[in-house]
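**Student:** The structure's right below; bear with me while I get my questions together.
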Amino acid sequence: MEILSVQHLNKKYEKFALKDVSFTLEKGYIMGFIGRNGAGKTTTIKSILNLVHPDSGQISVLGMDFAAQEFACKQKIGLVLGGVNYYPQKKLKTITEVTRRFYSEWDEAAYQGYLKRFDLDPDKKVSQLSDGMRVKYSLALALSHNAQLLILDEPTSGLDPVSRDDLLELFQEIIENSERSILFSTQITSDLEKCADFITYIKNGQIIASTDKEDLVNSYTIVKGPNDALSEAFTNKLIGIKKNAFGFTALLKTADRPAPDGVVVAPADLESIMIHIEKE
Amino acid sequence: MKELLYKELKLATHPTTYLFLFLGTMLLIPSYPYYVAFIYTLLGIFFIFLTGRENKDILYTVSLPVRKRDVVKSRCLLVALIEIAQIICSIPFAIIGVRINPNPMGNPVGIEANAAFFGLVLIMFALFNAIFLPMFYKSPTKVGTPLIAGSIAVTLYIVAAEVAVQAIGLLKTSLDTTNPAMLPRQLPVLVAGMIIFTLGLWLTYRRSAQNFEKVDL
């Protein structure tokens with residue numbers, strides 16, 4: 001069942017626009033939402049939650065129309081806009097005491113369990129937590145009100161590799177055998193290699209791919225070769241050519257193979273796909 | 001709404017708000033421009049908005065399952081609650097003030113702290129709310145501009161009210177006195193203040209909510 005459906009989202013700003021953004025996320029999966037800084041990730045997330053008013057488009061959460069049933073939809077969503085950065089001088093227990101009242105399905109036992117598991121001290125202030133702990137606290141809140149859709153905006157940026165890995169494992173655990181799904185935006189493509197099932201890629205406010213991660217990665221290959229292999233016909237097929245004195249590197253759609261002789265073909269990864277596509 | 005009000009009191013209310021409630025004691029000062037005590041209330045309200053911005057209060061609040069207009073409603077109610085609390089906390093000091101500093105000639109620098117005065121303060125609050133809140137909710141990152149606009153309006157209002165009470169003979173005799181005989185003339189001002197405050201709050205909320213609805217956060 002679709003847990004989140006975004007259809008034809010448009011939002012025009014003076015210098016930027018979201019253009020016909022559409023994607024869907026099924027139950028039980030992790031979707032990575034990638035794109036450069038300023039590509040429209042946060043604007044899309046905020047539009048989903050009606051924090052930004054889209055000019056047009058439909059959002060539905062668990063089959064409910066967001067605009068019509070905003071309140072019910074929000075009960076099912078755990079939103080983490082880059083870790084807790086609000087009320088830094090308040091103790092966790094104070095923030096929890098306030099937050100839990102808003103959720104009809106608050107599960108205090110589960111919350112206490114997450115505190116223990118994430119090693120969070122409720123008597124600490126938000127400002128005393130590291131970035132990783134802040135994200136964990138946000139997750140503890142979201143999971144304790146039985147959120148089925150976790151929307152996380154750059155939860156891993158600013159974390160050290162160990163904390164990031166730890167968090168990614170946690171994401172997988174959260175969705176395992178469950179009714180939950182996670183949509184998380186990031187620019188750290190290696191995070192997605194580790195845990196995402198689907199990738200939605202946004203560039204300049206437009207979705208250029210929203211698909212299974214394996215399909216996306218397999219649809220491109222990396223080609224390397226000497227500059228004299230760049231015939232006009234071949235160059236036209238290449239994406240984001242990077243040249244130097246020793247030769248070139250570029251992205252080639254797997255469907256556009258074979259490459260000419262003397263050109264090395266290697267499997268692509270998300271990072272190289274992103275780098276070459278953004279170079280176009 | 002009660003969850004949101006709880007949040008306002010537990011997270012958003014700045015400690016000076018409670019401290020300023022004691023400034024009702026300024027009503028004990030003999031021959032003083034008593035509006036000053038209530039200007040501190042407005043300053044306390046400003047602090048809530050200022051620290052709210054620094055603490056990312058709005059982003060936290062809208063991530064909860066609430067409607068945008070309820071975010072505005074709870075804040076408007078908090079503001080009104082503080083203003084009413086300030087008045088209630090000041091009344092005992094106004095009564096004591098009269099006992100310890102009887103002023104048969106009236107207050108030479110402004111109106112006496114009587115029933116009419118509290119009505120005029122309520123109108124002052126209504127005026128401040130009507131300017132500050134809709135302006136803030138139009139662009140919630142700016143707290144200074146609404147404060148300046150609100151302060152100018154309040155200053156002009158106080159000067160006009162004080163000058164009128166001192167300069168117009170009828171107002172001087174009926175309003176600038178704590179003589180109980182003048183109470184029937186003062187009570188209508190208090191009632192008018194209550195009506196303007198309540199009605200103003202409702203209109204202020206509607207306008208602020210409309211403005212906030214249009215804001216992209």
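Chain labels run A, B, ... following the order of the structure tokens; each chain numbers its residues from 1, and ligands are numbered from 1 in the order shown.
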At a cut-off of 10 Å, list the chain B residues touching chain A, using only C-alpha atoms, as a PyMOL selection string.

**Tutor:** chain B and resi 1-12+51-68+213-217

**Student:** Skipping near chain neighbours, those fewer than 5 positions away, what residues fall within 9 Å of Arg207 (chain B) using only C-alpha atoms, listed as a ChimeraX atom specification?

**Tutor:** /B:130,133-134,137,202,212

**Student:** Which of region 47-257 of chain A end up as strand (DSSP E) when DSSP is run on this backbone - answer as a ChimeraX atom specification?

**Tutor:** /A:56-61,64-65,77-81,149-153,181-186,198-203,206-212,220-225,238-244,247-253

**Student:** Name all residues at most 12 Å from Asp153 (chain A) (count only C-alpha atoms; drop same-chain ones fewer than 5 positions away) and give them as a PyMOL selection string.

**Tutor:** chain A and resi 31-34+40-46+78-84+135+138+182-187

**Student:** Quick one: pick out all alpha helix (DSSP H) residues within region 23-199 of chain B from a backbone DSSP run and write them as a VMD selection string.

**Tutor:** chain B and resid 35 to 54 57 to 62 68 to 100 115 to 138 144 to 167 169 to 175 183 to 199

**Student:** Skipping near chain neighbours, those fewer than 5 positions away, what residues fall within 10 Å of Pro108 (chain B) using only C-alpha atoms, listed as a PyMOL selection string?

**Tutor:** chain B and resi 30-33+103+166+172+176

**Student:** Do a neighbour search on region 143-156 of chain B at 8 Å with only C-alpha atoms, toss out local chain neighbours closer than 2 positions, and write the hits as an NGL selection string.

**Tutor:** :B and (46 or 49-50 or 124 or 127-129 or 131-133 or 135-136 or 140-141 or 158-160)

**Student:** May I ask for the distance between CA of Leu187 (chain B) and CA of Phe22 (chain B), given in Å to one decimal place?

**Tutor:**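 Value for the CA of Leu187 (chain B)-CA of Phe22 (chain B) distance: 24.9 Å.
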
**Student:** Any idea what's packed within 6 Å of Glu26 (chain A), counting only C-alpha atoms, ignoring anything in its chain fewer than 6 positions away? Could you give it as a PyMOL selection string?

**Tutor:** chain A and resi 1-3

**Student:** With only C-alpha atoms as the counted atoms, please give the residues lying no more than 12 Å from region 273-278 of chain A, apart from itself and same-chain residues fewer than 6 positions off, as a ChimeraX atom specification.

**Tutor:** /A:34-37,39,187-190,199-204,208-209,213,216-223,238-243,248-253,267

**Student:** Nearest to Tyr157 (chain B): which of B:Tyr35, B:Val79, B:Val191, B:Phe47 is it, counting only C-alpha atoms?

**Tutor:** B:Tyr35

**Student:** For Leu190 (chain B), which of B:Leu120, B:Ala126, B:Val163, B:Leu27 is the closest residue, counting only C-alpha atoms?

**Tutor:**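 Nearest to Leu190 (chain B): B:Leu120.
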